[in-house]
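A short worksheet on the structure shown next.
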Amino acid sequence: MAKQTSTTAKPATGEPIVQLIGVNKWYGEFHVLRDINLSVNKGERIVICGPSGSGKSTMIRCINRLEEHQKGRIIVDGTELTNDLKKIDEIRREVGMVFQHFNLFPHLTILENCTLAPIWVKKMPKKDAEEIAMKYLTRVKIPEQAHKYPGQLSGGQQQRVAIARSLCMSPKIMLFDEPTSALDPEMVKEVLDTMVSLAEEGMTMLCVTHEMGFARQVANRVIFMDAGQIVEANEPNEFFRNPQHERTKLFLSQIL
Ligand code: ADP
Ligand code: MG
């Protein structure tokens, strides 16, 4: 659990960087996202929670087009997500994503995992990419692991590499999908601490997580999803103290 002190994060600036307008998605016949409306300002830290199967992963995966929506609009940093592959590429460069299962390349060293996209996607000279990678590996407190392979690291260390790898692309937005739920309890804190420090530096973050201590500490908004809908959204104090909907109350009673 993260400490429950309030964050020193900079306030959000009021400029939308992600907008979902009437977004709907189906998997075949199954209506997985129902009229999702969400506007995220630069610098906001949003925690998304809700029962398993409620559409949390699908929603954040739509934001970098790992999934396609069928109705409504998604606009990321002024660019609308359509089938235009060039735009999708542009957006994926700006949007970092960290998954539950770290998704590192097992046959590449930690340093190579971090420099791959900057070298191949951004055409950065190898030396510069390595310098940047070392900067971020230092930030996530594992520079000494740079020449090891993912399999030689603990889960918490691998997840910090995954975060460093995303940061090497200088993303404007970071998406996290249950980044700590595959970790042993003693490793959760080191990953949450990394996320807290990112938030304090003003990174725009959307985090699917059930770490409610983290939500209290860094989120400026908590969103509750159920059955493909955003049922409730509020600033954390109100969200936890005074949940409005029965489904939110039930969910909180089960996890807190
Ligand atoms: P959450 O992240 O909230 O647990 P998901 O977004 O992963 O929920 O999934 C929402 C629903 O969509 C679930 O019922 C899940 O089984 C279904 N689903 C997810 N991915 C697919 C897919 N690729 N094809 C069909 N159904 C899917
Ligand atoms: Mg999920």
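Letters for chains follow the order of the structure tokens (A, B, ...), residue numbers begin at 1 for each chain, and ligand numbers begin at 1 in the order shown.
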Could I get the residue neighbourhood of ligand 2 at 10 Å, counting only C-alpha atoms and all ligand atoms, as a compact mmCIF listing (two decimals) with all heavy atoms, in the first residue's frame?
# COMPACT_ATOMS: atom_id res chain seq x y z
N CYS A 49 -11.48 2.11 -11.32
CA CYS A 49 -11.68 0.84 -10.62
C CYS A 49 -13.04 0.28 -11.02
O CYS A 49 -13.81 0.92 -11.72
CB CYS A 49 -11.57 1.03 -9.10
SG CYS A 49 -12.76 2.19 -8.41
N GLY A 50 -13.30 -0.92 -10.56
CA GLY A 50 -14.57 -1.56 -10.90
C GLY A 50 -14.38 -3.05 -10.97
O GLY A 50 -13.25 -3.53 -11.07
N PRO A 51 -15.50 -3.80 -10.95
CA PRO A 51 -15.38 -5.26 -10.93
C PRO A 51 -14.70 -5.81 -12.18
O PRO A 51 -14.67 -5.15 -13.21
CB PRO A 51 -16.83 -5.74 -10.84
CG PRO A 51 -17.69 -4.55 -10.91
CD PRO A 51 -16.87 -3.32 -10.90
N SER A 52 -14.21 -7.01 -12.04
CA SER A 52 -13.59 -7.71 -13.16
C SER A 52 -14.63 -7.84 -14.29
O SER A 52 -15.80 -8.13 -14.03
CB SER A 52 -13.15 -9.08 -12.65
OG SER A 52 -12.60 -9.80 -13.70
N GLY A 53 -14.21 -7.58 -15.51
CA GLY A 53 -15.11 -7.70 -16.65
C GLY A 53 -15.94 -6.46 -16.92
O GLY A 53 -16.79 -6.45 -17.81
N SER A 54 -15.69 -5.36 -16.18
CA SER A 54 -16.53 -4.17 -16.36
C SER A 54 -16.10 -3.31 -17.55
O SER A 54 -16.78 -2.35 -17.89
CB SER A 54 -16.56 -3.34 -15.07
OG SER A 54 -15.26 -3.00 -14.65
N GLY A 55 -14.96 -3.64 -18.17
CA GLY A 55 -14.55 -2.90 -19.36
C GLY A 55 -13.39 -1.94 -19.14
O GLY A 55 -13.05 -1.15 -20.03
N LYS A 56 -12.74 -2.02 -17.99
CA LYS A 56 -11.65 -1.08 -17.66
C LYS A 56 -10.48 -1.22 -18.65
O LYS A 56 -10.00 -0.24 -19.20
CB LYS A 56 -11.14 -1.33 -16.22
CG LYS A 56 -12.23 -1.28 -15.17
CD LYS A 56 -11.69 -1.57 -13.78
CE LYS A 56 -11.05 -2.94 -13.59
NZ LYS A 56 -11.99 -4.08 -13.72
N SER A 57 -10.03 -2.45 -18.84
CA SER A 57 -8.91 -2.66 -19.77
C SER A 57 -9.30 -2.25 -21.18
O SER A 57 -8.53 -1.59 -21.88
CB SER A 57 -8.48 -4.14 -19.79
OG SER A 57 -7.99 -4.52 -18.54
N THR A 58 -10.49 -2.64 -21.58
CA THR A 58 -10.94 -2.31 -22.93
C THR A 58 -10.93 -0.80 -23.13
O THR A 58 -10.46 -0.30 -24.16
CB THR A 58 -12.35 -2.88 -23.18
OG1 THR A 58 -12.30 -4.30 -22.95
CG2 THR A 58 -12.82 -2.61 -24.59
N MET A 59 -11.42 -0.06 -22.14
CA MET A 59 -11.48 1.39 -22.29
C MET A 59 -10.07 1.97 -22.44
O MET A 59 -9.83 2.76 -23.37
CB MET A 59 -12.18 2.04 -21.10
CG MET A 59 -12.29 3.54 -21.27
SD MET A 59 -13.24 4.33 -19.98
CE MET A 59 -12.01 4.55 -18.72
N ILE A 60 -9.14 1.57 -21.58
CA ILE A 60 -7.83 2.22 -21.73
C ILE A 60 -7.09 1.71 -22.96
O ILE A 60 -6.32 2.45 -23.56
CB ILE A 60 -6.96 2.21 -20.45
CG1 ILE A 60 -6.53 0.86 -20.04
CG2 ILE A 60 -7.59 2.97 -19.32
CD1 ILE A 60 -5.35 0.98 -19.06
N ARG A 61 -7.37 0.48 -23.38
CA ARG A 61 -6.73 -0.03 -24.60
C ARG A 61 -7.26 0.70 -25.85
O ARG A 61 -6.56 0.79 -26.85
CB ARG A 61 -6.92 -1.53 -24.73
CG ARG A 61 -6.09 -2.31 -23.70
CD ARG A 61 -6.52 -3.76 -23.59
NE ARG A 61 -6.27 -4.49 -24.81
CZ ARG A 61 -5.11 -5.08 -25.11
NH1 ARG A 61 -4.11 -5.03 -24.26
NH2 ARG A 61 -4.95 -5.71 -26.25
N PHE A 99 1.48 -2.77 -18.53
CA PHE A 99 0.49 -3.83 -18.37
C PHE A 99 0.71 -4.59 -17.07
O PHE A 99 1.77 -4.52 -16.44
CB PHE A 99 0.62 -4.83 -19.53
CG PHE A 99 0.47 -4.23 -20.89
CD1 PHE A 99 1.57 -3.67 -21.56
CD2 PHE A 99 -0.76 -4.21 -21.53
CE1 PHE A 99 1.43 -3.12 -22.82
CE2 PHE A 99 -0.90 -3.66 -22.79
CZ PHE A 99 0.20 -3.11 -23.44
N GLN A 100 -0.26 -5.42 -16.76
CA GLN A 100 -0.16 -6.28 -15.57
C GLN A 100 1.05 -7.22 -15.67
O GLN A 100 1.82 -7.37 -14.73
CB GLN A 100 -1.46 -7.08 -15.48
CG GLN A 100 -1.53 -8.00 -14.30
CD GLN A 100 -2.91 -8.66 -14.23
OE1 GLN A 100 -3.81 -8.39 -15.02
NE2 GLN A 100 -3.07 -9.52 -13.25
N ASP A 177 -2.42 -0.55 -16.62
CA ASP A 177 -3.50 -1.52 -16.47
C ASP A 177 -3.13 -2.54 -15.39
O ASP A 177 -2.41 -3.49 -15.65
CB ASP A 177 -3.79 -2.23 -17.80
CG ASP A 177 -5.11 -2.99 -17.76
OD1 ASP A 177 -5.76 -3.01 -16.68
OD2 ASP A 177 -5.50 -3.56 -18.79
N GLU A 178 -3.61 -2.30 -14.20
CA GLU A 178 -3.34 -3.16 -13.03
C GLU A 178 -1.86 -3.52 -12.92
O GLU A 178 -1.48 -4.69 -12.90
CB GLU A 178 -4.20 -4.43 -13.09
CG GLU A 178 -5.69 -4.09 -13.19
CD GLU A 178 -6.59 -5.16 -12.61
OE1 GLU A 178 -6.18 -5.81 -11.64
OE2 GLU A 178 -7.70 -5.32 -13.12
N VAL A 208 -5.66 1.92 -14.13
CA VAL A 208 -6.61 0.93 -13.63
C VAL A 208 -5.92 0.24 -12.47
O VAL A 208 -4.85 -0.35 -12.64
CB VAL A 208 -6.95 -0.12 -14.71
CG1 VAL A 208 -7.88 -1.18 -14.12
CG2 VAL A 208 -7.57 0.55 -15.93
N THR A 209 -6.47 0.38 -11.29
CA THR A 209 -5.86 -0.27 -10.12
C THR A 209 -6.89 -0.38 -9.00
O THR A 209 -7.84 0.40 -8.94
CB THR A 209 -4.62 0.52 -9.61
OG1 THR A 209 -4.07 -0.17 -8.49
CG2 THR A 209 -4.95 1.94 -9.21
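Backbone DSSP over segment 39-172 of chain A yields strand (DSSP E or B) at Ser39, Val40, Asn41, Arg45, Ile46, Val47, Ile48, Cys49, Lys71, Gly72, Arg73, Ile74, Ile75, Val76, Thr79, Glu80, Val95, Gly96, Met97 and Val98 of chain A.
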Within segment 23-175 of chain A, find each residue whose DSSP state, derived from the backbone, is helix (DSSP H, G or I), and express the selection as a PyMOL selection string. chain A and resi 56-63+85-94+110-120+126-139+143-145+150-152+155-167
Need the shell around Asn234 of chain A: protein/DNA/RNA residues with any atom at most 9 Å away, counting only C-alpha atoms. Skip same-chain ones fewer than 5 positions apart. Format as a PyMOL selection string? chain A and resi 220-224+239-240+243
Can you pull out the residues contacting Met169 of chain A? Cut-off 8 Å, using only C-alpha atoms, and skip same-chain residues under 4 positions away; I want them as a ChimeraX atom specification. /A:93-94,96,117-118,165
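The shell of residues at most 8 Å from segment 37-39 of chain A, with only C-alpha atoms counted and near chain neighbours (fewer than 4 positions) removed, consists of Pro16, Ile17, Val18, Gln19, Leu20, Ile21, Gly22, Val23 and Ile230 of chain A.
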When you look at segment 192-206 of chain A with a cut-off of 10 Å (counting only C-alpha atoms), what residues show up, excluding the ones that are within fewer than 2 positions of it in the same chain? I need them as a ChimeraX atom specification. /A:1-3,7-13,17-18,40-48,60,95-97,139-141,156,159-160,163-164,167,171-177,179-180,187-190,208-209,211,213-215,217-219,221-222
Coordinates-based distance that separates atom CA of Ile110 of chain A from atom CA of Lys148 of chain A (Å, one decimal): 6.0 Å
What's around Leu81 of chain A at 10 Å? Count only C-alpha atoms, leave out sequence neighbours fewer than 6 positions away in its own chain, and write the answer as a ChimeraX atom specification. /A:62-65,68-69,73-75,87-88,91
Which value, in Å to one decimal, gives the distance between atom CA of Asp128 of chain A and atom CA of Phe102 of chain A? 24.3 Å
Given only C-alpha atoms and all ligand atoms as the basis, pick out the residue of A:Cys114, A:Ala227, A:Cys207, A:Met134 nearest to ligand 1. A:Ala227
Which residue is closest to ligand 1? Choose from A:Asp184, A:Glu238, A:Glu246, A:Glu29 and count only C-alpha atoms and all ligand atoms.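 Closest candidate: A:Glu29.
Computed from the coordinates, the atom 15 (C, counted along the ligand's line) of ligand 1 to atom CA of Leu256 of chain A distance equals 24.0 Å.
Distance check against Tyr149 of chain A using only C-alpha atoms: of A:Val161, A:Met212, A:Ala233, A:Ala133, the minimum falls on A:Val161.
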